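Pasted below: structure_7.txt, compact mmCIF, C-alpha atoms.
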```
# COMPACT_ATOMS: atom_id res chain seq x y z
CA MET N 1 16.16 0.88 -27.46
CA SER N 2 17.23 -2.50 -28.75
CA TYR N 3 16.69 -5.64 -26.79
CA ASP N 4 19.85 -7.35 -25.53
CA PRO N 5 19.05 -10.80 -24.07
CA THR N 6 22.38 -10.92 -22.27
CA ASN N 7 21.13 -8.16 -20.01
CA GLU N 8 18.01 -9.91 -18.91
CA PRO N 9 17.44 -9.53 -15.19
CA ASP N 10 18.24 -12.40 -12.93
CA ALA N 11 14.91 -13.67 -11.67
CA SER N 12 16.60 -15.95 -9.15
CA ARG N 13 16.64 -15.35 -5.42
CA ARG N 14 20.03 -13.69 -5.76
CA GLY N 15 18.58 -11.27 -8.27
CA PHE N 16 15.59 -10.63 -6.06
CA LEU N 17 17.76 -9.76 -3.09
CA LYS N 18 19.95 -7.56 -5.23
CA CYS N 19 16.89 -5.58 -6.27
CA MET N 20 16.01 -5.09 -2.63
CA THR N 21 19.34 -3.41 -1.99
CA TRP N 22 18.48 -0.78 -4.58
CA ALA N 23 16.13 0.89 -2.14
CA GLY N 24 17.34 4.44 -1.71
CA THR N 25 19.64 4.42 -4.69
CA ALA N 26 18.88 5.91 -8.05
CA MET N 27 18.52 3.52 -10.92
CA VAL N 28 16.92 3.29 -14.29
CA TRP N 29 14.75 0.46 -15.31
CA THR N 30 14.00 0.15 -19.01
CA MET N 31 11.60 -2.17 -20.63
CA ALA N 32 12.01 -3.33 -24.22
CA GLY N 33 9.42 -5.69 -25.59
CA GLY N 34 8.25 -6.40 -22.07
CA ILE N 35 11.72 -7.28 -20.80
CA PRO N 36 13.12 -4.81 -18.28
CA ARG N 37 16.77 -4.06 -17.67
CA SER N 38 18.22 -2.06 -14.82
CA ARG N 39 21.10 0.40 -14.90
CA LEU N 40 22.44 3.17 -12.74
CA ILE N 41 21.02 6.64 -13.05
CA GLY N 42 23.94 8.01 -15.09
CA SER N 43 22.96 5.97 -18.10
CA ALA N 44 19.31 6.51 -17.25
CA GLU N 45 19.62 10.19 -17.97
CA ALA N 46 21.01 9.37 -21.38
CA ALA N 47 18.14 7.06 -22.05
CA THR N 48 15.48 9.53 -21.09
CA THR N 49 16.90 12.70 -22.56
CA SER N 50 15.18 12.33 -25.89
CA ASP N 51 11.96 10.73 -24.74
CA PRO N 52 8.84 12.67 -25.62
CA PHE N 53 6.68 11.35 -22.84
CA SER N 54 7.18 10.62 -19.18
CA PHE N 55 5.19 10.66 -15.98
CA VAL N 56 6.07 10.57 -12.30
CA GLN N 57 4.97 8.18 -9.58
CA ILE N 58 4.89 9.15 -5.91
CA SER N 59 3.43 7.09 -3.10
CA ASP N 60 2.75 6.62 0.59
CA SER N 61 2.90 10.23 1.71
CA HIS N 62 1.04 9.48 4.97
CA LEU N 63 0.19 13.11 5.63
CA GLY N 64 -0.56 13.41 9.34
CA PHE N 65 2.13 10.97 10.47
CA ASP N 66 4.39 12.68 13.03
CA LYS N 67 6.30 9.90 14.77
CA PRO N 68 10.10 9.59 15.14
CA ALA N 69 10.52 7.75 11.82
CA ASN N 70 9.70 11.12 10.18
CA PRO N 71 8.25 13.94 12.29
CA ASP N 72 7.59 16.11 9.21
CA VAL N 73 6.08 14.14 6.34
CA THR N 74 4.64 17.31 4.84
CA ALA N 75 8.17 18.63 4.33
CA THR N 76 9.40 15.45 2.68
CA LEU N 77 6.37 15.35 0.38
CA GLN N 78 7.17 18.94 -0.52
CA ASP N 79 10.77 17.91 -1.20
CA ALA N 80 9.55 15.15 -3.48
CA LEU N 81 7.28 17.53 -5.37
CA ASN N 82 10.09 20.06 -5.65
CA ASN N 83 12.13 17.35 -7.34
CA VAL N 84 9.29 16.88 -9.81
CA THR N 85 8.85 20.55 -10.65
CA ALA N 86 12.63 20.92 -11.00
CA MET N 87 12.78 18.34 -13.80
CA PRO N 88 14.12 19.95 -16.97
CA LYS N 89 11.26 18.50 -18.99
CA GLN N 90 8.04 18.41 -17.03
CA PRO N 91 6.29 15.03 -16.89
CA ALA N 92 2.94 14.66 -18.60
CA PHE N 93 1.25 13.98 -15.25
CA MET N 94 1.76 12.46 -11.84
CA ILE N 95 0.29 9.36 -10.26
CA HIS N 96 0.01 8.79 -6.53
CA THR N 97 -0.25 5.12 -5.59
CA GLY N 98 -2.03 5.56 -2.30
CA ASP N 99 -1.74 6.24 1.40
CA ILE N 100 -1.92 9.91 0.54
CA THR N 101 -2.99 10.45 4.15
CA HIS N 102 -2.27 8.66 7.39
CA LEU N 103 -5.74 8.73 8.95
CA SER N 104 -8.09 9.92 6.17
CA LYS N 105 -8.67 13.21 7.97
CA PRO N 106 -10.08 16.12 5.92
CA ALA N 107 -7.14 18.35 6.85
CA GLN N 108 -4.71 15.68 5.64
CA PHE N 109 -6.51 15.36 2.30
CA ASP N 110 -6.64 19.14 1.99
CA THR N 111 -2.89 19.46 2.55
CA ALA N 112 -2.25 16.78 -0.07
CA SER N 113 -4.49 18.52 -2.60
CA GLN N 114 -2.81 21.85 -1.93
CA LEU N 115 0.75 20.52 -2.26
CA MET N 116 0.11 18.35 -5.31
CA GLY N 117 -2.03 21.06 -6.92
CA ALA N 118 0.84 23.53 -6.66
CA THR N 119 2.82 21.44 -9.15
CA LYS N 120 0.19 22.32 -11.81
CA LEU N 121 0.34 18.71 -12.92
CA THR N 122 -2.69 16.49 -13.38
CA VAL N 123 -2.61 13.91 -10.60
CA HIS N 124 -4.13 10.45 -10.99
CA THR N 125 -4.57 8.63 -7.69
CA VAL N 126 -5.61 5.33 -6.18
CA PRO N 127 -6.41 4.93 -2.48
CA GLY N 128 -4.30 3.12 0.07
CA GLU N 129 -5.85 1.50 3.13
CA HIS N 130 -4.99 4.63 5.14
CA ASP N 131 -7.14 6.73 2.79
CA ILE N 132 -10.42 4.91 3.40
CA LEU N 133 -10.51 4.84 7.19
CA GLU N 134 -13.36 7.33 7.43
CA GLU N 135 -16.88 7.35 5.98
CA ASP N 136 -16.40 4.04 4.14
CA GLY N 137 -13.92 5.65 1.81
CA LYS N 138 -16.17 8.56 0.82
CA SER N 139 -13.71 11.11 2.18
CA TYR N 140 -11.26 9.85 -0.46
CA LEU N 141 -13.78 9.36 -3.27
CA ASN N 142 -15.33 12.81 -2.81
CA ARG N 143 -11.94 14.40 -3.41
CA PHE N 144 -10.14 12.08 -5.80
CA GLY N 145 -12.73 9.66 -7.14
CA LYS N 146 -14.75 11.85 -9.48
CA GLY N 147 -15.61 9.89 -12.59
CA ALA N 148 -14.22 6.66 -11.18
CA LYS N 149 -16.14 3.43 -10.88
CA GLY N 150 -16.88 1.33 -7.79
CA ASP N 151 -14.39 2.01 -5.03
CA GLY N 152 -12.37 4.31 -7.28
CA TRP N 153 -11.03 2.32 -10.25
CA TYR N 154 -10.75 3.79 -13.76
CA SER N 155 -8.62 3.83 -16.90
CA PHE N 156 -7.38 6.42 -19.35
CA ASN N 157 -5.16 6.74 -22.40
CA SER N 158 -2.15 9.00 -22.76
CA ASN N 159 0.43 9.12 -25.54
CA GLY N 160 -0.56 5.71 -26.82
CA VAL N 161 -0.27 4.06 -23.41
CA HIS N 162 -3.35 2.62 -21.69
CA PHE N 163 -3.34 3.33 -17.94
CA ILE N 164 -5.41 1.28 -15.53
CA ALA N 165 -5.94 2.42 -11.93
CA LEU N 166 -7.04 -0.40 -9.63
CA VAL N 167 -8.26 -0.38 -6.01
CA ASN N 168 -7.12 -3.33 -3.91
CA VAL N 169 -7.42 -2.02 -0.33
CA VAL N 170 -11.14 -2.22 0.43
CA ASN N 171 -11.60 -5.88 1.23
CA LEU N 172 -8.29 -7.13 2.63
CA GLN N 173 -7.96 -10.89 2.72
CA GLY N 174 -6.31 -13.38 5.06
CA ASN N 175 -3.12 -11.86 6.42
CA GLY N 176 -4.00 -8.51 4.88
CA LEU N 177 -3.49 -9.27 1.22
CA GLY N 178 -5.03 -6.80 -1.17
CA ASN N 179 -8.13 -7.77 -3.09
CA LEU N 180 -9.69 -6.51 -6.31
CA GLY N 181 -12.98 -8.37 -6.18
CA HIS N 182 -15.31 -9.76 -8.79
CA ALA N 183 -16.86 -6.50 -9.97
CA GLN N 184 -13.53 -4.80 -10.57
CA LEU N 185 -12.07 -7.85 -12.29
CA GLU N 186 -15.05 -7.99 -14.65
CA TRP N 187 -14.61 -4.33 -15.42
CA LEU N 188 -10.90 -4.86 -16.09
CA GLU N 189 -11.53 -7.75 -18.46
CA ASP N 190 -13.98 -5.63 -20.42
CA ASP N 191 -11.75 -2.54 -20.30
CA VAL N 192 -8.87 -4.20 -22.15
CA LYS N 193 -10.86 -6.54 -24.39
CA HIS N 194 -10.83 -4.30 -27.44
CA LEU N 195 -7.28 -2.96 -27.13
CA SER N 196 -4.59 -3.93 -29.60
CA ALA N 197 -1.99 -6.35 -28.19
CA SER N 198 0.69 -3.84 -29.09
CA THR N 199 -0.75 -1.20 -26.75
CA PRO N 200 1.63 -0.57 -23.83
CA ILE N 201 -0.24 -1.13 -20.58
CA VAL N 202 0.51 0.53 -17.25
CA VAL N 203 -1.40 -0.75 -14.23
CA PHE N 204 -1.14 1.03 -10.92
CA ALA N 205 -2.58 0.17 -7.51
CA HIS N 206 -1.56 0.59 -3.89
CA VAL N 207 -0.75 -2.94 -2.67
CA PRO N 208 1.61 -4.88 -4.95
CA LEU N 209 -0.32 -7.05 -7.40
CA TRP N 210 2.28 -9.79 -6.96
CA ILE N 211 2.96 -11.62 -3.71
CA VAL N 212 5.98 -9.89 -2.19
CA TYR N 213 5.64 -11.24 1.36
CA GLU N 214 2.42 -12.96 2.33
CA ASP N 215 3.10 -12.97 6.09
CA TRP N 216 2.80 -9.19 6.10
CA GLY N 217 -0.01 -9.07 3.57
CA TRP N 218 2.26 -7.63 0.90
CA GLY N 219 0.49 -8.86 -2.20
CA THR N 220 -2.93 -9.14 -3.83
CA SER N 221 -4.95 -12.31 -3.43
CA ASP N 222 -6.57 -12.11 -6.88
CA GLY N 223 -3.78 -10.20 -8.61
CA ALA N 224 -2.98 -13.21 -10.80
CA GLN N 225 -6.50 -13.20 -12.21
CA ALA N 226 -6.18 -9.53 -13.11
CA LEU N 227 -2.89 -10.22 -14.86
CA SER N 228 -4.43 -13.10 -16.79
CA TYR N 229 -6.55 -10.53 -18.64
CA LEU N 230 -3.35 -8.79 -19.76
CA LYS N 231 -1.56 -11.82 -21.21
CA LYS N 232 -1.99 -10.77 -24.82
CA PHE N 233 -0.15 -7.49 -24.35
CA GLY N 234 3.53 -7.30 -25.18
CA SER N 235 4.33 -4.59 -22.66
CA VAL N 236 2.72 -4.49 -19.23
CA THR N 237 4.14 -2.40 -16.40
CA VAL N 238 2.69 -2.70 -12.90
CA LEU N 239 3.42 0.13 -10.46
CA ASN N 240 2.66 -0.16 -6.76
CA GLY N 241 3.46 1.36 -3.37
CA HIS N 242 2.50 0.16 0.11
CA ILE N 243 5.81 -1.48 1.06
CA HIS N 244 7.81 1.78 1.20
CA GLN N 245 10.80 0.44 -0.70
CA THR N 246 11.91 -0.21 -4.24
CA MET N 247 11.44 -3.75 -5.46
CA GLN N 248 10.92 -5.29 -8.85
CA LYS N 249 10.44 -8.52 -10.67
CA VAL N 250 9.61 -9.76 -14.13
CA GLU N 251 7.21 -12.46 -15.24
CA GLY N 252 6.98 -12.93 -18.98
CA HIS N 253 5.93 -9.62 -20.48
CA VAL N 254 4.88 -8.17 -17.15
CA ALA N 255 7.28 -5.97 -15.21
CA PHE N 256 6.44 -5.20 -11.59
CA HIS N 257 7.83 -2.26 -9.68
CA THR N 258 7.24 -0.75 -6.25
CA VAL N 259 8.34 2.75 -5.37
CA CYS N 260 9.72 4.32 -2.19
CA SER N 261 7.50 6.30 0.16
CA THR N 262 7.77 10.06 0.51
CA ALA N 263 7.22 9.67 4.29
CA PHE N 264 9.15 6.85 5.97
CA PRO N 265 10.87 3.58 5.09
CA GLN N 266 9.70 0.12 6.10
CA PRO N 267 11.89 -2.93 6.67
CA ALA N 268 12.68 -5.43 3.96
CA PRO N 269 10.38 -8.45 4.11
CA GLY N 270 11.06 -10.68 7.08
CA THR N 271 13.94 -8.61 8.43
CA ALA N 272 11.97 -7.20 11.37
CA LYS N 273 9.24 -8.33 13.74
CA SER N 274 6.70 -6.16 12.01
CA PRO N 275 6.31 -3.99 8.90
CA GLY N 276 6.00 -0.77 10.92
CA PRO N 277 7.81 2.51 10.24
CA MET N 278 11.58 1.99 10.29
CA LEU N 279 13.63 4.46 12.29
CA VAL N 280 16.85 5.38 10.51
CA PRO N 281 19.42 8.09 11.32
CA ALA N 282 18.13 11.51 10.28
CA ALA N 283 20.91 11.87 7.73
CA GLU N 284 19.82 8.61 6.12
CA LEU N 285 16.09 9.31 5.92
CA LYS N 286 15.95 11.08 2.58
CA LYS N 287 18.05 8.36 1.01
CA ARG N 288 15.21 5.98 1.85
CA LEU N 289 12.47 8.18 0.39
CA GLY N 290 11.92 9.08 -3.21
CA ILE N 291 9.95 9.28 -6.41
CA ALA N 292 9.95 7.39 -9.68
CA GLN N 293 9.96 8.79 -13.20
CA VAL N 294 8.56 6.52 -15.89
CA SER N 295 9.37 7.24 -19.51
CA LEU N 296 8.45 6.01 -22.93
CA VAL N 297 11.89 5.93 -24.49
CA SER N 298 11.47 4.72 -28.07
CA SER N 299 8.95 4.03 -30.76
CA ASN N 300 8.56 0.36 -29.93
CA ALA N 301 7.17 1.37 -26.57
CA PRO N 302 9.73 0.44 -23.96
CA LEU N 303 9.28 2.16 -20.65
CA ALA N 304 12.02 3.35 -18.32
CA ILE N 305 11.59 3.81 -14.61
CA VAL N 306 14.03 5.99 -12.72
CA ASP N 307 13.86 5.88 -8.94
CA THR N 308 15.27 9.01 -7.37
CA PRO N 309 15.81 9.36 -3.62
CA LEU N 310 15.18 12.73 -2.02
CA ALA N 311 18.90 12.83 -1.08
CA SER N 312 21.79 11.02 -2.63
CA MET O 1 -8.71 9.23 23.14
CA THR O 2 -10.92 6.46 24.49
CA GLU O 3 -13.80 5.35 22.36
CA THR O 4 -16.54 2.91 23.26
CA LEU O 5 -18.80 1.27 20.73
CA GLN O 6 -21.73 -1.06 21.13
CA PRO O 7 -22.73 -3.87 18.73
CA GLY O 8 -24.16 -2.75 15.44
CA GLY O 9 -21.16 -0.72 14.36
CA ASN O 10 -20.26 -0.32 10.75
CA ALA O 11 -18.26 -3.45 10.03
CA ARG O 12 -16.31 -3.75 6.83
CA ARG O 13 -16.07 -6.97 4.95
CA PHE O 14 -13.26 -9.04 6.34
CA LEU O 15 -12.75 -12.72 6.01
CA LEU O 16 -12.12 -14.16 9.43
CA GLY O 17 -11.68 -17.90 9.61
CA SER O 18 -13.00 -19.39 12.80
CA VAL O 19 -9.71 -21.14 13.32
CA LEU O 20 -7.62 -18.15 12.30
CA GLY O 21 -4.46 -18.16 14.31
CA ALA O 22 -5.79 -20.67 16.82
CA GLY O 23 -2.45 -22.42 17.00
CA ALA O 24 -0.60 -19.22 17.72
CA LEU O 25 -3.15 -18.15 20.30
CA LEU O 26 -2.61 -21.32 22.28
CA LEU O 27 0.97 -20.28 22.84
CA PHE O 28 -0.23 -17.59 25.21
CA LYS O 29 -1.60 -18.35 28.65
CA PRO O 30 -5.20 -17.18 28.77
CA ARG O 31 -6.07 -14.45 31.20
CA LEU O 32 -9.20 -14.94 33.32
CA ALA O 33 -11.07 -11.83 34.39
CA ARG O 34 -13.82 -11.37 36.95
CA ALA O 35 -17.19 -9.95 35.84
CA ASP O 36 -16.46 -6.52 37.25
CA ASP O 37 -13.02 -6.35 35.71
CA SER O 38 -11.94 -4.12 32.94
CA VAL O 39 -9.24 -5.84 30.94
CA GLU O 40 -6.56 -4.17 28.86
CA VAL O 41 -5.04 -5.55 25.67
CA LYS O 42 -1.87 -3.84 24.55
CA ILE O 43 -0.88 -3.53 20.91
CA ASP O 44 2.88 -3.66 20.54
CA ASN O 45 4.82 -4.32 17.36
CA PHE O 46 1.73 -5.49 15.47
CA VAL O 47 0.76 -8.02 18.17
CA PHE O 48 -2.21 -8.11 20.56
CA MET O 49 -0.97 -8.86 24.07
CA PRO O 50 -2.41 -10.99 25.43
CA ALA O 51 -3.78 -12.45 22.22
CA LEU O 52 -6.25 -14.67 24.06
CA ILE O 53 -8.21 -13.62 27.13
CA ARG O 54 -11.09 -15.26 28.99
CA VAL O 55 -13.57 -12.92 30.65
CA LYS O 56 -16.92 -13.03 32.40
CA LYS O 57 -20.02 -11.49 30.85
CA GLY O 58 -20.14 -7.76 31.37
CA THR O 59 -16.39 -7.28 31.20
CA SER O 60 -15.12 -4.26 29.32
CA VAL O 61 -12.02 -4.87 27.22
CA THR O 62 -9.83 -1.91 26.31
CA TRP O 63 -7.23 -2.04 23.56
CA VAL O 64 -4.32 0.40 23.75
CA ASN O 65 -2.20 1.11 20.70
CA ASN O 66 1.49 1.51 21.55
CA ASP O 67 2.68 1.31 17.94
CA ASP O 68 3.74 4.17 15.68
CA ILE O 69 1.10 3.15 13.16
CA PRO O 70 -2.69 3.10 13.55
CA HIS O 71 -4.59 -0.07 14.28
CA SER O 72 -8.28 -0.87 14.55
CA ILE O 73 -10.38 -3.63 16.06
CA VAL O 74 -12.66 -5.57 13.73
CA CYS O 75 -14.93 -8.32 15.04
CA PRO O 76 -17.33 -9.38 12.27
CA VAL O 77 -19.48 -11.57 14.55
CA LEU O 78 -20.29 -8.56 16.70
CA GLN O 79 -20.31 -6.14 13.76
CA VAL O 80 -17.73 -4.09 15.60
CA HIS O 81 -15.31 -1.94 13.68
CA SER O 82 -13.47 0.60 15.77
CA HIS O 83 -12.16 3.85 14.46
CA PRO O 84 -8.45 3.73 13.73
CA MET O 85 -6.46 4.15 16.94
CA ASP O 86 -3.40 6.28 16.49
CA THR O 87 -0.45 5.98 18.86
CA GLY O 88 -1.59 6.06 22.50
CA GLU O 89 -5.28 5.91 21.64
CA LYS O 90 -7.71 3.38 23.09
CA PHE O 91 -10.88 1.54 22.15
CA SER O 92 -13.20 -0.21 24.62
CA TYR O 93 -15.96 -2.73 24.15
CA GLN O 94 -18.16 -4.38 26.77
CA PHE O 95 -18.83 -8.08 26.20
CA ASP O 96 -22.36 -8.86 27.42
CA LYS O 97 -22.94 -12.24 25.77
CA ALA O 98 -21.10 -15.51 26.25
CA GLY O 99 -19.20 -16.73 23.23
CA ILE O 100 -15.89 -16.97 21.43
CA TYR O 101 -15.03 -13.79 19.60
CA ASN O 102 -12.21 -13.67 17.06
CA TYR O 103 -11.01 -10.27 15.98
CA VAL O 104 -8.33 -8.75 13.77
CA CYS O 105 -6.80 -5.39 13.09
CA GLY O 106 -8.72 -3.80 10.23
CA LEU O 107 -5.57 -2.32 8.71
CA HIS O 108 -3.35 -5.33 9.32
CA PRO O 109 -5.53 -8.46 9.36
CA HIS O 110 -2.51 -10.68 10.02
CA MET O 111 -2.87 -9.41 13.60
CA HIS O 112 -5.47 -11.51 15.36
CA GLY O 113 -6.80 -12.10 18.84
CA GLN O 114 -9.58 -13.89 20.63
CA ILE O 115 -11.90 -13.07 23.55
CA VAL O 116 -13.66 -15.98 25.27
CA VAL O 117 -16.68 -14.76 27.25
CA SER O 118 -18.36 -17.09 29.76
```
Would you mind writing the file's structure down as structure tokens?
Amino acid sequence: MSYDPTNEPDASRRGFLKCMTWAGTAMVWTMAGGIPRSRLIGSAEAATTSDPFSFVQISDSHLGFDKPANPDVTATLQDALNNVTAMPKQPAFMIHTGDITHLSKPAQFDTASQLMGATKLTVHTVPGEHDILEEDGKSYLNRFGKGAKGDGWYSFNSNGVHFIALVNVVNLQGNGLGNLGHAQLEWLEDDVKHLSASTPIVVFAHVPLWIVYEDWGWGTSDGAQALSYLKKFGSVTVLNGHIHQTMQKVEGHVAFHTVCSTAFPQPAPGTAKSPGPMLVPAAELKKRLGIAQVSLVSSNAPLAIVDTPLAS
Amino acid sequence: MTETLQPGGNARRFLLGSVLGAGALLLFKPRLARADDSVEVKIDNFVFMPALIRVKKGTSVTWVNNDDIPHSIVCPVLQVHSHPMDTGEKFSYQFDKAGIYNYVCGLHPHMHGQIVVS
């Protein structure tokens, strides 16, 4: 896809707020040479029809949550996974960006494994803070952390894209900001040192790596240092969850994106007294939940992200 | 569920500035408890209420979570880290030594409170 500078996203406050209103609506987000552009899903389908490689992101399933904001999070996760398996061309794999469970209970992890396993897709995960509430995170690592380093970070290559899974929920800072820590940052610096600058990079972690709203701890205290190791790359895509809504921004060649939850929505930053589960009319709920499909859409390595609510 | 822990619990690493939220805490009138009291701190909408309480040695403080999301009590000085309290669940801790104890929610460290024991 060619790069059209007239379609560059508005990084101003107006643009930021406009992105926030996209929560619950389908859109495509393409990245050409590190510069993303957003469009509605109709054109997104055209853009992704011929792509040879795509993967799906789901997040914040909170299995075990049963409060009024969504009394049946297992059913909505199943809905999300049904949407994945119904895709005409199956994605290469799925990533889950954390808060798989609500309370890190074995039964909650088991349900997640069973539901995600039924898709027959490889699932790459990172933990959210709700996944490490028991046994110092071992209940998560024993199930999903095999082969990972430290608290569960790792990297892998697929279809010419280098994927980096980071853990930023173990040592929350200040108001609850995520934190990567020295050991993980050193590993990251070494992990990308020998990669070509033309390699597309996808980083995923639970808490946004950029500061979305510090008062609620929606950001990562040392995220900027992590991103400094990725400066040489022409295409960097950062995928996060945690805030249960779609939001995006662009800084240079780095495109940031957060995805909806499969369980319940949370308020936009600063619009409520707290970031707790947001109660919406039952008919509205599935419009606030969803998944994201990320695609490599042309040879010069642009990526497209399509957010799809569970109901339109 | 009510859970009671004694010092020596498995604390995670949390930064807790000694002056964290001190200004906000002063907005609330401290509650003074007698030595044989048990004091309750409610958690509503991501806030400890009251956020600052003054108690005598030997007082047991019980936190009750009224939110739809789990919270925990983390007090690094005492090496206390409660299990996550789901909606309606409680956690109690008996304060046997005089001192000023700052604490936060382990899942949402922007929530902070203080217990002054004399």
Would you mind listing, for every residue of chain O within 6 Å of chain N, the two atoms forming the shortest contact and the distance between them in Å to one decimal, using only C-alpha atoms, sorted by chain and ascending residue number, as JSON lines?
```
{"residue": "O:Arg13", "atom": "CA", "partner": "N:Asn171", "partner_atom": "CA", "distance": 5.9}
{"residue": "O:Asn45", "atom": "CA", "partner": "N:Ser274", "partner_atom": "CA", "distance": 6.0}
{"residue": "O:His108", "atom": "CA", "partner": "N:Gly176", "partner_atom": "CA", "distance": 5.5}
{"residue": "O:Pro109", "atom": "CA", "partner": "N:Gly176", "partner_atom": "CA", "distance": 4.7}
{"residue": "O:His110", "atom": "CA", "partner": "N:Asn175", "partner_atom": "CA", "distance": 3.8}
```
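Rounded to one decimal, atom CA of N:Met247 and atom CA of O:Ile43 lie 29.1 Å from each other.
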Exercise. Excluding N:Gln293 and residues on its chain fewer than 5 positions from it, collect all residues at most 8 Å away from it, counting all atoms listed in the file, and give them as a PyMOL selection string.
Key: chain N and resi 54-57+304-308
Saved selection, atoms kept: C-alpha atoms, as a short mmCIF file (atom, residue, chain, number, x, y, z; two decimals), keeping the file's coordinate frame:
```cif
data_model
loop_
_atom_site.label_atom_id
_atom_site.label_comp_id
_atom_site.auth_asym_id
_atom_site.auth_seq_id
_atom_site.Cartn_x
_atom_site.Cartn_y
_atom_site.Cartn_z
CA SER N 54 7.18 10.62 -19.18
CA PHE N 55 5.19 10.66 -15.98
CA VAL N 56 6.07 10.57 -12.30
CA GLN N 57 4.97 8.18 -9.58
CA ALA N 304 12.02 3.35 -18.32
CA ILE N 305 11.59 3.81 -14.61
CA VAL N 306 14.03 5.99 -12.72
CA ASP N 307 13.86 5.88 -8.94
CA THR N 308 15.27 9.01 -7.37
#
```
Exercise. Fewer than 4 positions away in the same chain doesn't count, so skip those; otherwise give me all residues within 9 Å of N:Ala183, counting all atoms listed in the file, as number ranges by chain.
Key: N: 150, 187-188
Practice problem: Rank O:Met85, O:Val47, O:Val74, O:Ala98 by their smallest atom-to-atom distance to O:Thr59, using only C-alpha atoms, and report the top residue only. | Solution: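 Going through O:Met85, O:Val47, O:Val74, O:Ala98 one by one, the smallest distance to O:Thr59 is for O:Ala98.
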Quiz item: Using all atoms listed in the file, which residue out of O:Leu107, O:Ile100, O:Val55, O:Val39 lies closest to O:Ile69?
Solution: O:Leu107
Quiz prompt | Test item: residues at most 9 Å from N:Gly64, all atoms listed in the file, excluding those fewer than 5 positions along its chain, as a PyMOL selection string | solution = chain N and resi 72-74+101-105+107-108
Exercise. Rank nothing, just name the residue among N:Gly128, N:Pro91, N:Gly160, N:Gly178 nearest to N:Leu141, using only C-alpha atoms.
Key: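 Closest to N:Leu141, using only C-alpha atoms: N:Gly128.
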